[in-house]
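Novice: Please find one structure pasted underneath; my questions will follow.
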Amino acid sequence: MNEPITSPPPFEMAERELKRAQEALRDAERHVRMFTDNTPEPLAYLNADLRFSFVNQAYIDAVKAPRERIIGQTVAGVLGEEVAAYLLPVIERAQAGERTSYERLRPAADGQLRWIRGMLVPDYDRDGKFQGIYIVVHDIHDLKLTQAALAQREGQMRAFMDSIPTPVAYIDSAMRYEYVNRAFVEFSEIELDQIQGRGLREISPPDDFERQAELLARAMRGQQIEYERLTPFATRPARWMQVRLVPHREGEGPVRGVFVLLNDIHAQKESEAAVHRINWVLSSHIENTPMAVVEWNRDLNLIRWSPRAETIFGWKAEEVLGTSLQDWKMVFGADVPQVDLVIQAMLRGERSSTTSMNRNVCKDGSVIWCEWHNSVLRDEDGGLLSILSFAQNVSDRVDAQEKLEAMATHDALTGLPNRVLLQLHLAETLDRARHRQRQVAVLFIDLDRFKNVNDSLGHRMGDELLRMIGRRLGMALRKGDFLARLGGDEFTVLLENLENAEGAAEVAGKLLEVIQQPYWVHGHAVHVSASIGLAIFPDDGDDPDTLLKNADVAMYRAKDAGKNVYQFFAQEMGAQQQEQMALETALRWAVKNEDLGVKYQPKVEVATGRIVGAEALLRWRDPVLGDVPPNRFIPLAEESGLIDIMGDWVLKQACLETRQWAAAGLEEMTIAINLSVRQFRDTGFAARIQKIFAETGVDPRRVEFEVTETSVLYDAETVGRVLQLERELGVRVAIDDFGTGYSSLVHLKRLPIDTLKIDQSFIRDITTDPDDKAITAAIIALAHSLGLDVVAEGVETAEQLAFLTERGCDYYQGHYFSEPLDSAAFIAFVGRHQRGSPQPRSVEHAPNA
């Protein structure tokens, strides 16, 4: 069944006409029928029961059914079930009081489908009671076709615009974005639905809107505008864009909108800026550079002479411009050939640029060193345009370089050659000696006890003494001999053209006599001696390093021999040195990997037999060397400087173990830790001790530091100062190995000492040697008279302990009671001792502690 063709809603006048017709329907039916039948749009009326109660002639023609088959029928009865089902929701909304409409395709009289729009208007009486629904049908097929054509055209245009890679937008006369292409969306970093249909004010930043609005207003008045702007973005740096505003009008009519075309010119602007910057820099360089700018044309006549060139060389531009390069007299005579070579190489095309340094003569006749940077400028065909040169006065740099070279090869204190120049000279000397088959002697000189001079008189006087010794040695040597200072108190002499070693021995003896003559330094008479080691080429070495090393080894052997002597190198010295070096290397590895260990020897109260503490003893077991005794590796650690690291490590380990003892119920146990004299020389030693105490949380009152009697003798003031600082924290202080040194009673009185430890050398023969008995008894009596405790070391027999008990010794330690134990064994041993007092262990041999 054909569906009625609906039309747009009737005008307000028509609605009033329909209402009046409804109120007087019966009275004016003839007039209404005449009016409606002559209306071209199909009209119908559904009553409250949703049945047709009125249709005009156009509606009858549209549905192709007589009036009597329509009036009184439902929509389904007239239009069919399918159409009725489609219209049902629309009818229900109208029935609910809503003016509504629908659009559909329906077959026309010629069988073609055509678009119609039906308008449904609800009808109420004066009391608001629903009476029915007016239906007006319009044919909108042509409108639909036009809209489809426009949509197709717009789609084609959008596809075309989206294919354009540059951003394009269209802004209407109300300054709304009517259209933007895909490139514009990507460029703006704003979603399409956030741009299209929105106003310029909504999209533009507030500080940019006024400027953009002003330019758009000019374009709306028909003016085509082009400008450049640095466009900011939310997520990337601003970019330079070229903007074109093109007015859009239809024919000669008014402007309807503006096309906005954007072009990214950021790279172009950067290139322009770079060119501008280069031109500016070049101009600034030429006018303001500290370098002289000089240029010759293709005829090698001077065409540029910068202000800086006037300053450096003295000539004004008018005095030199136009002169020929060939006639230029500014190059120092001896350097002319070198400069000519550089110029000819550039003229022949062999070099496009060169850097050279030569001397130049200034207007006032002075000679300066200049560094020249020359470049050949050529045209597109490769022809010579000019030679551009930059020059700077580098005389100060040359002077400084010469001084640096002297500093690099000479000792700053004495002015003598240093190790670098010694190595070079020795290598050259050995080459000559090989060729002439002659001997060369290397004398390694080390001053004896020079540190005492520095410590007593100060470094300033020590430096002056070194200068005096250097001058004295130089005066004592032959003309061809070579003298160098290696640093500290070490000098080296090279003796060339020797026929035999006796000649070197004569020189060494002479130098010893010269050195030991008294020196007057700032009113003080100073006496020093030296130890000299000699190595002879080729017997003791064939290269500089070997000879210097072997002379050094011989020098140490001279020191061991009593100082103030010379010693020739012997092969067995090298073997001993290598063994010592291997031991030092192994020790360094052990320190680095913490392969050392700490053992604890119990300290026992003589009167009660009670364990009151322990002494921490450093032990080293090497996987190759086995157990290395302390009297072998401790001196090596002090000599190599490793003692500082090792001492800190032992102190920290012992403090941590003391904390573990306290946790195991041994709160009253004290720990004794040995300190080396070298540790006292470190100015930061006292602070490190306090830091270790703080880190480990140990009670300083449970710690006792042991220093040897010789340490006190070496530097009583420094040792006393450090010990006093630690004493103030509660640390106890003991003098270790007492009786073996030469300390005075003054030291015992002035130093903050709590305990004297009798060296085990006196205890060993105490039961058989009357002297050891007397010395031990005297030490105990002396200590008690000064209010000090006494500890006997190395007690190995009951007889020794009986003697110490009889003499009133306070404490003892040794293998008679217990060997040194690791921490866990020590805790267990103390526990067993407290519970059952185990018998002392008999010892056949007591290793060196």
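Residue numbering restarts at 1 for every chain of the structure tokens, chains are lettered A, B, ... in their displayed order, and ligands are numbered from 1 as they appear.
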Excluding Ala558 of chain A and its own-chain neighbours fewer than 3 positions away, which residues fall within 7 Å of it when counting only C-alpha atoms? Please give them as a list in words.

Specialist: Ser531, Ile532, Gly533, Ala554, Met555, Ala561, Gly562, Lys563, Val565, Tyr566 and Gln567 of chain A

Novice: As a ChimeraX atom specification, please: the residues near His425 of chain A (cut-off 12 Å, only C-alpha atoms, same-chain neighbours under 2 positions excluded).

Specialist: /A:409,417-423,427-432,442,480-484,492-496,543-544

Novice: Write out as a list in words which residues come within 8 Å of Phe130 of chain A when counting only C-alpha atoms, dropping same-chain ones fewer than 5 positions away.

Specialist: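 After dropping sequence-adjacent residues, the list is Ala48, Gln95, Pro122, Asp123, Tyr124 and Asp125 of chain A.
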
Novice: Give the answer as one residue: which of A:Ser353, A:Asn358, A:Leu413, A:Met220 has the shortest atom-to-atom distance to Gln338 of chain A, using only C-alpha atoms?

Specialist: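 The closest residue to Gln338 of chain A is A:Asn358.
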
Novice: Looking only at the backbone, which of the residues in segment 243-273 of chain A does DSSP tag as strand (DSSP E or B), as a tab-separated table (two decimals) with N, CA, C and O atoms, in the first residue's frame?

Specialist:
chain	number	residue	atom	x	y	z
A	243	VAL	N	51.68	32.02	6.81
A	243	VAL	CA	50.21	31.99	6.85
A	243	VAL	C	49.66	32.83	5.71
A	243	VAL	O	50.07	34.00	5.54
A	244	ARG	N	48.74	32.24	4.92
A	244	ARG	CA	48.05	32.99	3.85
A	244	ARG	C	46.57	32.97	4.13
A	244	ARG	O	45.97	31.91	4.36
A	245	LEU	N	45.96	34.16	4.15
A	245	LEU	CA	44.52	34.31	4.34
A	245	LEU	C	43.92	34.73	2.99
A	245	LEU	O	44.20	35.84	2.48
A	246	VAL	N	43.08	33.86	2.39
A	246	VAL	CA	42.50	34.10	1.06
A	246	VAL	C	40.98	34.25	1.20
A	246	VAL	O	40.29	33.29	1.59
A	247	PRO	N	40.42	35.43	0.91
A	247	PRO	CA	38.95	35.63	1.03
A	247	PRO	C	38.20	34.73	0.05
A	247	PRO	O	38.67	34.45	-1.06
A	248	HIS	N	37.00	34.28	0.46
A	248	HIS	CA	36.16	33.45	-0.40
A	248	HIS	C	34.83	34.16	-0.58
A	248	HIS	O	34.11	34.45	0.39
A	249	ARG	N	34.52	34.46	-1.81
A	249	ARG	CA	33.22	35.07	-2.14
A	249	ARG	C	32.63	34.36	-3.34
A	249	ARG	O	33.36	33.76	-4.13
A	255	VAL	N	32.13	38.64	0.95
A	255	VAL	CA	33.01	37.56	1.41
A	255	VAL	C	32.24	36.67	2.37
A	255	VAL	O	31.65	37.14	3.35
A	256	ARG	N	32.23	35.38	2.08
A	256	ARG	CA	31.48	34.44	2.91
A	256	ARG	C	32.39	33.74	3.95
A	256	ARG	O	31.89	33.17	4.91
A	257	GLY	N	33.68	33.78	3.70
A	257	GLY	CA	34.61	33.13	4.61
A	257	GLY	C	36.04	33.34	4.14
A	257	GLY	O	36.29	34.05	3.15
A	258	VAL	N	36.98	32.73	4.85
A	258	VAL	CA	38.40	32.90	4.55
A	258	VAL	C	39.07	31.52	4.57
A	258	VAL	O	38.91	30.76	5.52
A	259	PHE	N	39.81	31.23	3.47
A	259	PHE	CA	40.66	30.06	3.47
A	259	PHE	C	41.97	30.40	4.17
A	259	PHE	O	42.58	31.44	3.88
A	260	VAL	N	42.38	29.52	5.08
A	260	VAL	CA	43.65	29.70	5.80
A	260	VAL	C	44.60	28.61	5.34
A	260	VAL	O	44.32	27.42	5.50
A	261	LEU	N	45.73	29.00	4.74
A	261	LEU	CA	46.72	28.06	4.24
A	261	LEU	C	48.02	28.28	5.01
A	261	LEU	O	48.52	29.40	5.11
A	262	LEU	N	48.55	27.17	5.56
A	262	LEU	CA	49.77	27.23	6.36
A	262	LEU	C	50.90	26.49	5.67
A	262	LEU	O	50.68	25.43	5.08
A	263	ASN	N	52.09	27.03	5.76
A	263	ASN	CA	53.26	26.40	5.17
A	263	ASN	C	54.40	26.43	6.20
A	263	ASN	O	54.74	27.49	6.73
A	264	ASP	N	54.97	25.26	6.50
A	264	ASP	CA	56.06	25.16	7.49
A	264	ASP	C	57.35	25.67	6.85
A	264	ASP	O	57.89	25.08	5.93

Novice: Per residue of segment 558-661 of chain A within 6 Å of segment 800-816 of chain A, record the nearest atom pair and its distance in Å to one decimal, counting only C-alpha atoms, with rows in chain order and ascending residue number, as a Markdown table.

Specialist:
| residue | atom | partner | partner_atom | distance |
| --- | --- | --- | --- | --- |
| A:Lys603 | CA | A:Gln813 | CA | 5.0 |
| A:Val604 | CA | A:Tyr812 | CA | 5.4 |
| A:Glu605 | CA | A:Tyr811 | CA | 4.5 |
| A:Val606 | CA | A:Tyr811 | CA | 5.1 |

Novice: How would the residues just chosen look if you wrote them out with C-alpha atoms as a compact mmCIF listing (two decimals), in the first residue's frame?

Specialist:
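Okay, this is what ended up in out05.txt:
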# COMPACT_ATOMS: atom_id res chain seq x y z
CA LYS A 603 95.07 -11.75 79.33
CA VAL A 604 94.96 -13.29 82.82
CA GLU A 605 94.97 -11.71 86.26
CA VAL A 606 97.90 -13.27 88.19
